[in-house]
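Here is start-v9.csv, consisting of CSV, C-alpha atoms:
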chain,number,residue,atom,x,y,z
O,123,MET,CA,75.0,106.0,85.8
O,124,SER,CA,73.0,108.8,87.5
O,125,TYR,CA,71.5,111.5,85.2
O,126,PRO,CA,70.3,115.0,86.1
O,127,SER,CA,66.7,115.4,87.2
O,128,TYR,CA,65.7,117.0,83.9
O,129,VAL,CA,66.8,113.8,82.1
O,130,ARG,CA,64.8,111.6,84.4
O,131,ALA,CA,61.8,113.8,84.1
O,132,ALA,CA,61.8,113.7,80.3
O,133,LEU,CA,62.6,110.0,79.9
O,134,ALA,CA,58.9,108.9,79.7
O,135,ALA,CA,58.3,111.3,76.9
O,136,ALA,CA,61.4,110.1,75.1
O,137,VAL,CA,60.2,106.5,75.2
O,138,ALA,CA,56.9,107.5,73.6
O,139,LEU,CA,58.6,109.6,71.0
O,140,THR,CA,60.9,106.8,70.1
O,141,ALA,CA,58.0,104.5,69.5
O,142,LEU,CA,56.4,107.1,67.3
O,143,ALA,CA,59.6,107.6,65.4
O,144,THR,CA,59.6,104.0,64.2
O,145,SER,CA,56.2,104.6,62.4
O,146,PRO,CA,56.3,105.2,58.6
O,147,ALA,CA,53.9,108.1,58.9
O,148,PRO,CA,55.3,111.6,58.1
O,149,ALA,CA,56.4,113.8,61.0
O,150,GLN,CA,53.5,115.6,62.7
O,151,ALA,CA,55.2,117.7,65.4
O,152,GLU,CA,53.1,119.9,67.5
O,153,PRO,CA,53.5,123.5,66.3
O,154,ARG,CA,55.3,124.6,69.5
O,155,ASP,CA,56.9,121.4,70.7
O,156,PRO,CA,59.5,122.8,73.1
O,157,TRP,CA,62.3,120.2,72.6
O,158,VAL,CA,65.4,120.0,70.4
O,159,ARG,CA,64.5,117.4,67.7
O,160,SER,CA,66.7,114.7,66.3
O,161,TRP,CA,66.4,111.9,63.7
O,162,GLY,CA,68.3,109.5,61.5
O,163,LEU,CA,71.3,107.3,62.3
O,164,ASN,CA,71.7,106.6,66.0
O,165,ILE,CA,74.4,103.9,66.3
O,166,GLY,CA,76.4,105.9,68.8
O,167,ALA,CA,73.3,107.2,70.7
O,168,GLN,CA,73.9,110.6,69.1
O,169,LEU,CA,70.2,111.3,68.9
O,170,GLY,CA,70.1,111.8,72.7
O,171,ASN,CA,67.0,109.8,73.4
O,172,GLY,CA,68.6,107.0,75.5
O,173,THR,CA,68.6,104.4,72.7
O,174,THR,CA,70.7,103.3,69.7
O,175,LEU,CA,67.8,102.9,67.4
O,176,ASP,CA,67.5,104.9,64.2
O,177,GLN,CA,64.6,107.3,63.9
O,178,GLY,CA,62.7,108.0,60.7
O,179,THR,CA,60.9,111.0,62.0
O,180,PRO,CA,61.9,113.8,64.4
O,181,GLY,CA,61.9,112.9,68.1
O,182,SER,CA,63.1,114.7,71.3
O,183,VAL,CA,66.6,115.1,72.6
O,184,VAL,CA,65.8,114.2,76.1
O,185,GLY,CA,65.4,117.2,78.4
O,186,VAL,CA,66.9,119.8,76.1
O,187,ALA,CA,64.5,122.6,75.5
O,188,ARG,CA,65.0,124.5,72.2
O,189,GLY,CA,64.6,127.8,74.0
O,190,ASP,CA,67.6,127.1,76.2
O,191,VAL,CA,70.0,126.3,73.3
O,192,ARG,CA,72.2,129.0,71.7
O,193,GLU,CA,74.0,126.6,69.3
O,194,LEU,CA,74.0,122.9,68.5
O,195,SER,CA,76.7,121.0,66.6
O,196,ALA,CA,77.1,117.4,65.6
O,197,GLY,CA,80.2,115.4,64.9
O,198,GLY,CA,81.8,112.1,64.5
O,199,PHE,CA,81.8,109.4,61.8
O,200,ASN,CA,79.0,106.9,60.9
O,201,SER,CA,79.8,104.6,63.8
O,202,ASN,CA,79.8,104.7,67.6
O,203,LEU,CA,82.0,107.8,67.3
O,204,SER,CA,79.1,110.0,66.4
O,205,PHE,CA,78.1,112.7,69.0
O,206,ALA,CA,76.5,116.1,69.6
O,207,LEU,CA,77.1,119.2,71.6
O,208,ALA,CA,74.6,121.9,72.7
O,209,LEU,CA,75.7,125.3,73.9
O,210,LEU,CA,73.1,126.7,76.4
O,211,ASN,CA,72.2,130.3,76.9
O,212,ASP,CA,74.0,130.3,80.3
O,213,GLY,CA,77.3,129.5,78.6
O,214,THR,CA,77.5,125.8,79.7
O,215,VAL,CA,77.8,122.9,77.2
O,216,LEU,CA,75.9,119.6,77.0
O,217,SER,CA,77.3,116.5,75.2
O,218,TRP,CA,76.0,113.1,74.3
O,219,GLY,CA,76.5,110.1,72.0
O,220,GLY,CA,79.7,108.2,71.2
O,221,ASN,CA,82.8,108.8,73.2
O,222,THR,CA,85.5,106.4,72.0
O,223,SER,CA,87.9,109.3,71.5
O,224,GLY,CA,86.9,111.3,74.5
O,225,GLN,CA,84.8,113.7,72.3
O,226,LEU,CA,82.2,114.2,75.1
O,227,GLY,CA,84.8,116.0,77.2
O,228,ASP,CA,83.7,114.3,80.4
O,229,GLY,CA,87.0,112.7,81.3
O,230,SER,CA,86.0,109.3,80.0
O,231,THR,CA,85.6,107.2,76.8
O,232,THR,CA,82.2,105.9,77.8
O,233,GLN,CA,79.2,106.3,75.4
O,234,ARG,CA,76.3,108.3,76.8
O,235,GLY,CA,72.8,108.3,75.4
O,236,PHE,CA,71.5,111.3,77.3
O,237,PRO,CA,72.8,114.9,77.4
O,238,ALA,CA,75.0,115.8,80.4
O,239,THR,CA,77.0,118.9,81.2
O,240,VAL,CA,80.6,119.1,80.3
O,241,ALA,CA,82.1,119.6,83.8
O,242,GLY,CA,84.2,122.7,84.3
O,243,LEU,CA,83.2,124.3,81.0
O,244,SER,CA,81.4,127.6,81.4
O,245,GLY,CA,81.3,131.1,79.8
O,246,VAL,CA,81.4,129.5,76.3
O,247,SER,CA,80.3,131.7,73.4
O,248,SER,CA,80.7,129.2,70.4
O,249,ILE,CA,81.1,125.5,69.8
O,250,ALA,CA,81.9,123.1,67.0
O,251,ALA,CA,81.7,119.3,67.0
O,252,ALA,CA,84.0,117.9,64.3
O,253,GLY,CA,84.1,114.7,62.3
O,254,GLY,CA,87.4,113.6,63.8
O,255,PRO,CA,85.8,113.1,66.3
O,256,PHE,CA,86.9,116.1,68.3
O,257,ALA,CA,85.3,119.3,69.6
O,258,LEU,CA,86.1,123.0,69.9
O,259,ALA,CA,84.8,125.7,72.1
O,260,VAL,CA,85.4,129.5,72.4
O,261,ARG,CA,85.6,131.0,75.9
O,262,GLY,CA,86.7,134.5,76.5
O,263,GLY,CA,88.1,134.7,73.0
O,264,ARG,CA,90.3,131.7,73.6
O,265,VAL,CA,89.8,128.2,72.0
O,266,LEU,CA,89.5,125.0,74.0
O,267,ALA,CA,89.6,121.5,72.3
O,268,TRP,CA,89.1,117.9,73.2
O,269,GLY,CA,88.9,114.4,71.6
O,270,THR,CA,91.2,112.8,69.1
O,271,ASN,CA,94.4,114.5,68.1
O,272,ALA,CA,95.9,112.3,65.4
O,273,TYR,CA,96.8,115.2,63.1
O,274,GLY,CA,97.2,118.0,65.7
O,275,GLN,CA,93.6,119.2,65.3
O,276,LEU,CA,93.5,120.1,69.0
O,277,GLY,CA,96.0,122.8,68.4
O,278,ASN,CA,97.9,122.3,71.7
O,279,GLY,CA,101.3,121.7,70.2
O,280,LEU,CA,101.0,117.9,70.3
O,281,THR,CA,100.2,115.3,67.7
O,282,THR,CA,99.1,112.1,69.4
O,283,PRO,CA,97.8,109.4,67.0
O,284,ASP,CA,97.4,106.7,69.6
O,285,LYS,CA,94.6,106.4,72.0
O,286,ASP,CA,96.8,107.2,75.0
O,287,GLY,CA,97.1,110.7,73.6
O,288,LEU,CA,93.3,111.5,73.6
O,289,ALA,CA,92.2,114.6,75.4
O,290,THR,CA,89.1,113.5,77.3
O,291,ARG,CA,88.7,117.0,78.9
O,292,PRO,CA,89.2,120.4,77.3
O,293,VAL,CA,92.7,121.6,76.6
O,294,ALA,CA,93.9,125.1,75.5
O,295,VAL,CA,94.6,125.8,71.8
O,296,GLN,CA,98.0,127.6,71.7
O,297,SER,CA,98.7,131.2,70.8
O,298,LEU,CA,95.2,132.3,69.7
O,299,ASN,CA,93.0,135.0,71.2
O,300,ARG,CA,90.1,137.3,70.3
O,301,VAL,CA,88.4,134.4,68.5
O,302,LYS,CA,84.6,134.8,67.8
O,303,ASP,CA,83.8,131.6,66.0
O,304,VAL,CA,85.2,128.1,65.3
O,305,SER,CA,84.4,125.3,62.8
O,306,GLY,CA,85.7,121.7,62.6
O,307,GLY,CA,86.2,119.5,59.5
O,308,CYS,CA,86.9,115.8,59.6
O,309,GLU,CA,90.5,116.3,60.8
O,310,HIS,CA,91.2,120.1,60.7
O,311,SER,CA,90.2,123.1,62.7
O,312,VAL,CA,89.3,126.7,61.7
O,313,ALA,CA,89.0,129.8,63.8
O,314,LEU,CA,87.7,133.3,62.9
O,315,ARG,CA,89.1,136.1,64.9
O,316,GLU,CA,87.4,139.4,65.7
O,317,ASP,CA,89.7,141.2,63.2
O,318,GLY,CA,88.4,139.2,60.3
O,319,THR,CA,91.4,136.9,60.0
O,320,VAL,CA,91.2,133.1,59.7
O,321,TRP,CA,93.5,130.7,61.5
O,322,THR,CA,93.8,127.0,60.9
O,323,TRP,CA,95.5,123.8,62.2
O,324,GLY,CA,95.3,120.0,62.0
O,325,ARG,CA,95.4,117.8,58.9
O,326,ASN,CA,96.6,119.4,55.6
O,327,ASP,CA,97.0,116.6,53.1
O,328,VAL,CA,95.0,118.4,50.4
O,329,GLY,CA,95.6,122.0,51.5
O,330,GLN,CA,92.6,122.4,53.8
O,331,LEU,CA,94.6,124.7,56.0
O,332,GLY,CA,95.0,127.2,53.2
O,333,ASP,CA,98.6,128.1,53.9
O,334,ASP,CA,100.0,127.0,50.5
O,335,THR,CA,101.5,123.8,52.0
O,336,ASP,CA,100.4,120.2,52.5
O,337,THR,CA,102.0,119.9,55.9
O,338,ASP,CA,100.0,119.1,59.0
O,339,ARG,CA,100.2,121.6,61.9
O,340,ASN,CA,99.5,121.2,65.6
O,341,THR,CA,99.3,124.9,66.4
O,342,PRO,CA,97.3,127.7,64.6
O,343,ARG,CA,98.6,129.7,61.7
O,344,LYS,CA,96.9,132.6,59.9
O,345,VAL,CA,95.6,131.9,56.4
O,346,PRO,CA,97.4,134.5,54.2
O,347,GLY,CA,95.4,137.0,52.2
O,348,LEU,CA,92.2,136.9,54.3
O,349,ASP,CA,91.5,139.9,56.6
O,350,ASP,CA,87.8,140.7,56.0
O,351,VAL,CA,86.0,137.5,56.8
O,352,VAL,CA,82.7,137.5,58.5
O,353,ALA,CA,81.9,133.7,58.5
O,354,VAL,CA,83.6,130.4,58.1
O,355,THR,CA,82.4,126.9,57.6
O,356,THR,CA,84.1,123.6,57.0
O,357,GLY,CA,83.4,120.5,55.0
O,358,CYS,CA,85.2,117.2,55.6
O,359,ARG,CA,88.4,118.4,53.9
O,360,HIS,CA,87.6,121.9,52.6
O,361,THR,CA,86.8,125.3,54.0
O,362,LEU,CA,84.6,128.2,52.9
O,363,ALA,CA,84.9,131.8,54.1
O,364,LEU,CA,82.4,134.7,53.5
O,365,THR,CA,84.0,138.1,53.2
O,366,ALA,CA,82.5,141.4,54.3
O,367,GLY,CA,82.1,142.3,50.6
O,368,GLY,CA,79.9,139.2,50.0
O,369,ARG,CA,82.6,137.2,48.2
O,370,VAL,CA,83.0,133.5,49.0
O,371,LYS,CA,86.5,132.1,49.3
O,372,ALA,CA,87.3,128.3,49.3
O,373,TRP,CA,90.3,126.0,49.7
O,374,GLY,CA,91.3,122.4,50.2
O,375,HIS,CA,89.9,119.3,48.7
O,376,ASN,CA,88.1,119.8,45.3
O,377,ALA,CA,87.7,116.4,43.6
O,378,ASN,CA,84.0,116.9,43.5
O,379,GLY,CA,84.0,120.6,42.6
O,380,GLN,CA,83.2,121.7,46.1
O,381,LEU,CA,85.4,124.8,45.9
O,382,GLY,CA,83.2,126.2,43.1
O,383,ASP,CA,86.1,127.5,40.9
O,384,ASP,CA,85.0,125.5,37.8
O,385,SER,CA,87.7,122.9,38.4
O,386,THR,CA,88.4,119.7,40.3
O,387,GLU,CA,91.9,120.7,41.4
O,388,HIS,CA,92.7,120.8,45.1
O,389,ARG,CA,93.7,124.3,46.2
O,390,ARG,CA,96.2,125.1,48.9
O,391,VAL,CA,95.3,128.8,49.1
O,392,PRO,CA,91.9,130.5,49.0
O,393,VAL,CA,90.2,130.9,45.6
O,394,ASP,CA,87.1,132.7,44.5
O,395,VAL,CA,83.9,130.7,44.2
O,396,GLN,CA,82.6,131.6,40.8
O,397,HIS,CA,79.2,133.1,39.7
O,398,LEU,CA,77.9,134.2,43.1
O,399,ASP,CA,76.4,137.6,44.1
O,400,GLY,CA,74.4,138.7,47.1
O,401,VAL,CA,75.6,136.0,49.5
O,402,THR,CA,74.5,136.3,53.1
O,403,LYS,CA,75.4,132.9,54.5
O,404,VAL,CA,77.6,129.9,53.6
O,405,PHE,CA,77.3,126.3,54.7
O,406,ALA,CA,79.4,123.2,53.9
O,407,GLY,CA,78.5,119.5,53.8
O,408,ALA,CA,81.1,116.7,53.5
O,409,TYR,CA,82.2,117.4,50.0
O,410,GLN,CA,79.5,119.9,48.9
O,411,SER,CA,78.9,123.6,49.5
O,412,TYR,CA,75.9,126.0,49.8
O,413,ALA,CA,75.3,129.7,49.7
O,414,VAL,CA,72.1,131.5,50.8
O,415,LEU,CA,71.5,134.7,48.8
O,416,ASP,CA,69.9,137.9,50.1
O,417,ASP,CA,66.6,137.0,48.4
O,418,GLY,CA,66.4,133.7,50.4
O,419,THR,CA,67.3,131.4,47.5
O,420,VAL,CA,70.1,128.9,47.5
O,421,ARG,CA,73.1,128.0,45.3
O,422,ALA,CA,74.8,124.7,45.7
O,423,TRP,CA,77.9,123.0,44.2
O,424,GLY,CA,80.2,120.0,44.7
O,425,TRP,CA,79.4,116.3,45.4
O,426,ASN,CA,75.9,115.2,44.4
O,427,GLY,CA,76.0,111.4,44.1
O,428,GLN,CA,72.9,111.1,46.4
O,429,GLY,CA,71.1,114.2,45.3
O,430,GLN,CA,72.4,116.2,48.3
O,431,LEU,CA,72.7,119.4,46.3
O,432,GLY,CA,68.9,119.5,45.9
O,433,ASP,CA,68.8,120.5,42.2
O,434,GLY,CA,66.8,117.4,41.2
O,435,THR,CA,69.8,115.6,39.8
O,436,THR,CA,72.7,113.4,41.0
O,437,VAL,CA,75.3,115.3,38.9
O,438,SER,CA,78.1,116.9,40.8
O,439,ARG,CA,78.7,120.6,40.0
O,440,THR,CA,82.0,122.6,39.8
O,441,THR,CA,80.2,125.9,40.0
O,442,PRO,CA,77.1,127.0,41.9
O,443,VAL,CA,73.7,126.1,40.6
O,444,PRO,CA,70.3,127.3,41.8
O,445,LEU,CA,67.9,125.0,43.7
O,446,PRO,CA,64.6,125.2,41.9
O,447,GLY,CA,61.5,126.1,44.0
O,448,LEU,CA,63.5,126.7,47.2
O,449,SER,CA,63.1,130.1,48.7
O,450,ASP,CA,62.8,131.9,52.1
O,451,VAL,CA,65.7,129.9,53.4
O,452,GLN,CA,66.9,131.1,56.8
O,453,GLU,CA,69.5,128.5,57.9
O,454,MET,CA,71.0,125.3,56.5
O,455,ALA,CA,73.2,122.3,57.5
O,456,GLY,CA,75.1,119.9,55.3
O,457,GLY,CA,75.7,116.3,56.3
O,458,TRP,CA,77.6,113.4,54.7
O,459,GLN,CA,75.2,112.9,51.8
O,460,HIS,CA,72.1,114.9,52.9
O,461,THR,CA,71.1,118.5,53.5
O,462,LEU,CA,68.7,120.4,55.8
O,463,ALA,CA,67.1,123.8,55.5
O,464,VAL,CA,64.8,125.9,57.7
O,465,LEU,CA,62.4,128.3,55.9
O,466,SER,CA,61.0,131.5,57.3
O,467,ASP,CA,57.7,129.7,58.1
O,468,GLN,CA,59.7,127.4,60.5
O,469,SER,CA,59.3,124.3,58.3
O,470,VAL,CA,62.3,122.0,58.0
O,471,LEU,CA,63.1,120.5,54.6
O,472,ALA,CA,65.6,117.8,53.8
O,473,TRP,CA,67.1,116.1,50.7
O,474,GLY,CA,69.7,113.6,49.6
O,475,ASN,CA,70.5,110.2,51.1
O,476,ASN,CA,67.9,108.7,53.4
O,477,SER,CA,69.2,105.2,54.2
O,478,ASN,CA,68.9,105.8,57.9
O,479,GLY,CA,65.8,108.1,57.9
O,480,GLN,CA,67.9,111.2,58.1
O,481,LEU,CA,65.5,113.1,55.9
O,482,GLY,CA,62.9,112.8,58.6
O,483,ASN,CA,59.8,112.0,56.5
O,484,GLY,CA,59.2,108.5,57.8
O,485,THR,CA,60.7,106.6,54.9
O,486,THR,CA,64.2,105.5,53.8
O,487,ASP,CA,63.7,106.7,50.2
O,488,SER,CA,66.4,109.1,49.1
O,489,SER,CA,65.3,112.3,47.3
O,490,PRO,CA,67.2,114.8,45.1
O,491,THR,CA,64.6,117.4,45.9
O,492,PRO,CA,63.3,118.7,49.2
O,493,VAL,CA,60.9,116.7,51.4
O,494,THR,CA,59.3,117.9,54.6
O,495,ALA,CA,60.8,116.8,57.9
O,496,LEU,CA,59.0,119.3,60.2
O,497,PRO,CA,55.9,121.3,59.3
O,498,ALA,CA,55.5,125.1,59.2
O,499,GLY,CA,55.0,126.6,62.6
O,500,SER,CA,57.3,124.0,64.3
O,501,GLY,CA,59.1,126.7,66.3
O,502,VAL,CA,62.4,125.6,64.8
O,503,THR,CA,64.8,128.2,63.5
O,504,ARG,CA,68.1,126.3,63.1
O,505,VAL,CA,69.4,122.9,62.0
O,506,ALA,CA,72.6,120.9,62.4
O,507,ALA,CA,74.2,117.8,60.9
O,508,SER,CA,77.7,116.3,61.0
O,509,VAL,CA,79.7,116.4,57.8
O,510,ALA,CA,80.6,112.8,58.5
O,511,ASN,CA,77.4,111.1,59.6
O,512,LYS,CA,73.7,110.5,58.8
O,513,SER,CA,72.0,112.2,61.7
O,514,SER,CA,69.9,115.4,61.7
O,515,TYR,CA,69.0,118.0,64.4
O,516,ALA,CA,66.5,120.9,64.5
O,517,TYR,CA,66.2,123.5,67.3
Could you rewrite the structure in this file as structure tokens?
Amino acid sequence: MSYPSYVRAALAAAVALTALATSPAPAQAEPRDPWVRSWGLNIGAQLGNGTTLDQGTPGSVVGVARGDVRELSAGGFNSNLSFALALLNDGTVLSWGGNTSGQLGDGSTTQRGFPATVAGLSGVSSIAAAGGPFALAVRGGRVLAWGTNAYGQLGNGLTTPDKDGLATRPVAVQSLNRVKDVSGGCEHSVALREDGTVWTWGRNDVGQLGDDTDTDRNTPRKVPGLDDVVAVTTGCRHTLALTAGGRVKAWGHNANGQLGDDSTEHRRVPVDVQHLDGVTKVFAGAYQSYAVLDDGTVRAWGWNGQGQLGDGTTVSRTTPVPLPGLSDVQEMAGGWQHTLAVLSDQSVLAWGNNSNGQLGNGTTDSSPTPVTALPAGSGVTRVAASVANKSSYAY
């Protein structure tokens, strides 16, 4: 396979960084290393360095400069289905990793270890790589989707559980316009429109579509009672919405308390997350949830079996709890059983499960409290992780 010139030019650096990543020493990135960084599980080549070797410390995604990336999103399960997308400042999209379900959008089902442009996709303003594995992109206020469609999560009016029904190139989501952001769970899709309404489609077995049913849907429908939402984020089977008034709404799967309503009952309509004030941002992991407050501190709730909430315990929480000693948080990302955070000093912290090196500190020791993946001054301002796998990204 022939790769773009920027991939070939960066390959030698990637080889060196891959060798470094196998060392047990903590990450020592140069303060202004220009590349998108990745580490952790790499069975599907989702780290973008041309190998399928796990990395215990951050290495480069080959040829992808951090300054060129507007948004990065990771998806897929812990297998060769895992993949990643990068939305560039020019509105084009790169994809790499596993491709068994056509989730790279390149018209094939062939795995690719280096980033390459999704042909024919331009003018994109937002992306989401989902657990499914499938992907979403916003272009001109409309949503495009590709990958698996077993539960109608592509929103094109079809439900195609067999491999013959995969969309290996972007298809149009029906009857939805003026969309400003999208998010993908394991098997459901969420869109936030400019008017503050939320629309959902895909799997709905535990009410993750928020429409007071448990019926799957292959076209979008508005979530009733929400018209002032400013941000949405999805876990594997639950959804969070932040309102203009600073309230957090949640719905869907709740066996681990990830809806934060002091129960473990699944909810088919949005409910209020309890005991939260001053919320500026919300993030979801697989079955856990996080809120960043206006003072830079974090509250977390839900699944905590591997310490992924970061409160120093492995006790799941049905309402938000503070994370001791964590402040100045700018951005976060929740994975399957681990969590990432970027602080104002551009350091990256990680906590939770570390079986594949996804905490980035050169070990495979899990930690219920934050450890350092990238030092202060790294240049990083954002992080990404799939809710269904054990890989990490910083950009």
query: So which residues touch Pro237 (chain O) within 10 Å, counting all atoms listed in the file, skipping near sequence neighbours fewer than 5 positions away, as an MDAnalysis selection string?
result: chainID O and resid 125:126 128:129 168:172 183:186 206:208 215:219 226
task: Select, from O:Gly166, O:Gly277, O:Gly368, O:Pro283, the residue with the minimum atom-to-atom distance to Arg234 (chain O), counting all atoms listed in the file.
output: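 Closest residue, counting all atoms listed in the file: O:Gly166.
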task: Name all residues at most 9 Å from Asp394 (chain O) (count only C-alpha atoms; drop same-chain ones fewer than 2 positions away) and give them as number ranges by chain.
output: O: 369-372, 381-383, 392, 396
statement: From the list O:Ser305, O:Ser204, O:Gln296, O:Ser195, the nearest residue to Ala363 (chain O) using all atoms listed in the file is O:Ser305
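Between CA of Leu481 (chain O) and CA of Thr270 (chain O) there is a distance of 28.9 Å.
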query: Between O:Thr419, O:Asn426, O:Gln380, O:Ser411, which is the closest to Val451 (chain O) once you count all atoms listed in the file?
result: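 Under the stated criterion, the closest residue is O:Thr419.
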Against region 355-361 of chain O, which residues of region 209-295 of chain O fall within 10 Å? For each one I want the closest pair of atoms and the distance in Å (one decimal), counting all atoms listed in the file, rows by chain and increasing residue number, as a Markdown table.
| residue | atom | partner | partner_atom | distance |
| --- | --- | --- | --- | --- |
| O:Ala252 | CA | O:Cys358 | CA | 8.8 |
| O:Gly253 | CA | O:Cys358 | CA | 7.2 |
| O:Gly254 | CA | O:Cys358 | CA | 9.2 |
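The space separating CA of His310 (chain O) from CA of Ala455 (chain O) comes to 18.4 Å.
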Please list as a PDB file with C-alpha atoms, in the coordinates of the input every residue within 6 Å of Thr174 (chain O), counting all atoms listed in the file and excluding residues in the same chain fewer than 3 positions away.
ATOM      1  CA  ASN O 164      71.700 106.600  66.000  1.00  0.00           C
ATOM      2  CA  ILE O 165      74.400 103.900  66.300  1.00  0.00           C
ATOM      3  CA  ALA O 167      73.300 107.200  70.700  1.00  0.00           C
TER       4      ALA O 167
END
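Of the residues listed (O:Val354, O:Ala196, O:Leu298, O:Leu175), O:Ala196 shows the shortest atom-to-atom separation from Val505 (chain O); distances use only C-alpha atoms.
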message: Taking all atoms listed in the file into account, name the residue in O:Val301, O:Val391, O:Val509, O:Leu362 that is nearest to Pro346 (chain O).
response: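 Smallest distance to Pro346 (chain O) is found for O:Val391.
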- request: Dump as a ChimeraX atom specification all residues having an atom at most 7 Å from (73.0, 128.3, 74.4), computed in the file's coordinates with only C-alpha atoms.
  value: /O:190-193,208-213
- prompt: If you measure from CA of Leu465 (chain O) to CA of Phe205 (chain O), what distance in Å do you get, rounded to one decimal?
  reply: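 Value for the CA of Leu465 (chain O)-CA of Phe205 (chain O) distance: 25.7 Å.
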message: Set the distance at 10 Å and use all atoms listed in the file: which residues neighbour Gly242 (chain O) once local chain neighbours fewer than 5 positions away are removed? I'd like the list as a VMD selection string.
response: chain O and resid 214 to 215 227 to 228 291 to 292
query: With distances taken over all atoms listed in the file, which of O:Val293, O:Leu415, O:Leu288, O:Ala259 is nearest to Ser244 (chain O)?
result: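 Among O:Val293, O:Leu415, O:Leu288, O:Ala259, it is O:Ala259 that comes nearest to Ser244 (chain O).
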If we count only C-alpha atoms, what is near Pro156 (chain O) at a cut-off of 8 Å, once residues fewer than 5 positions away on the same chain are taken out, given as a compact mmCIF listing (two decimals) with C-alpha atoms, keeping the file's coordinate frame?
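Result saved to out29.txt:
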# COMPACT_ATOMS: atom_id res chain seq x y z
CA ALA O 187 64.50 122.60 75.50
CA ARG O 188 65.00 124.50 72.20
CA GLY O 189 64.60 127.80 74.00
CA GLY O 501 59.10 126.70 66.30
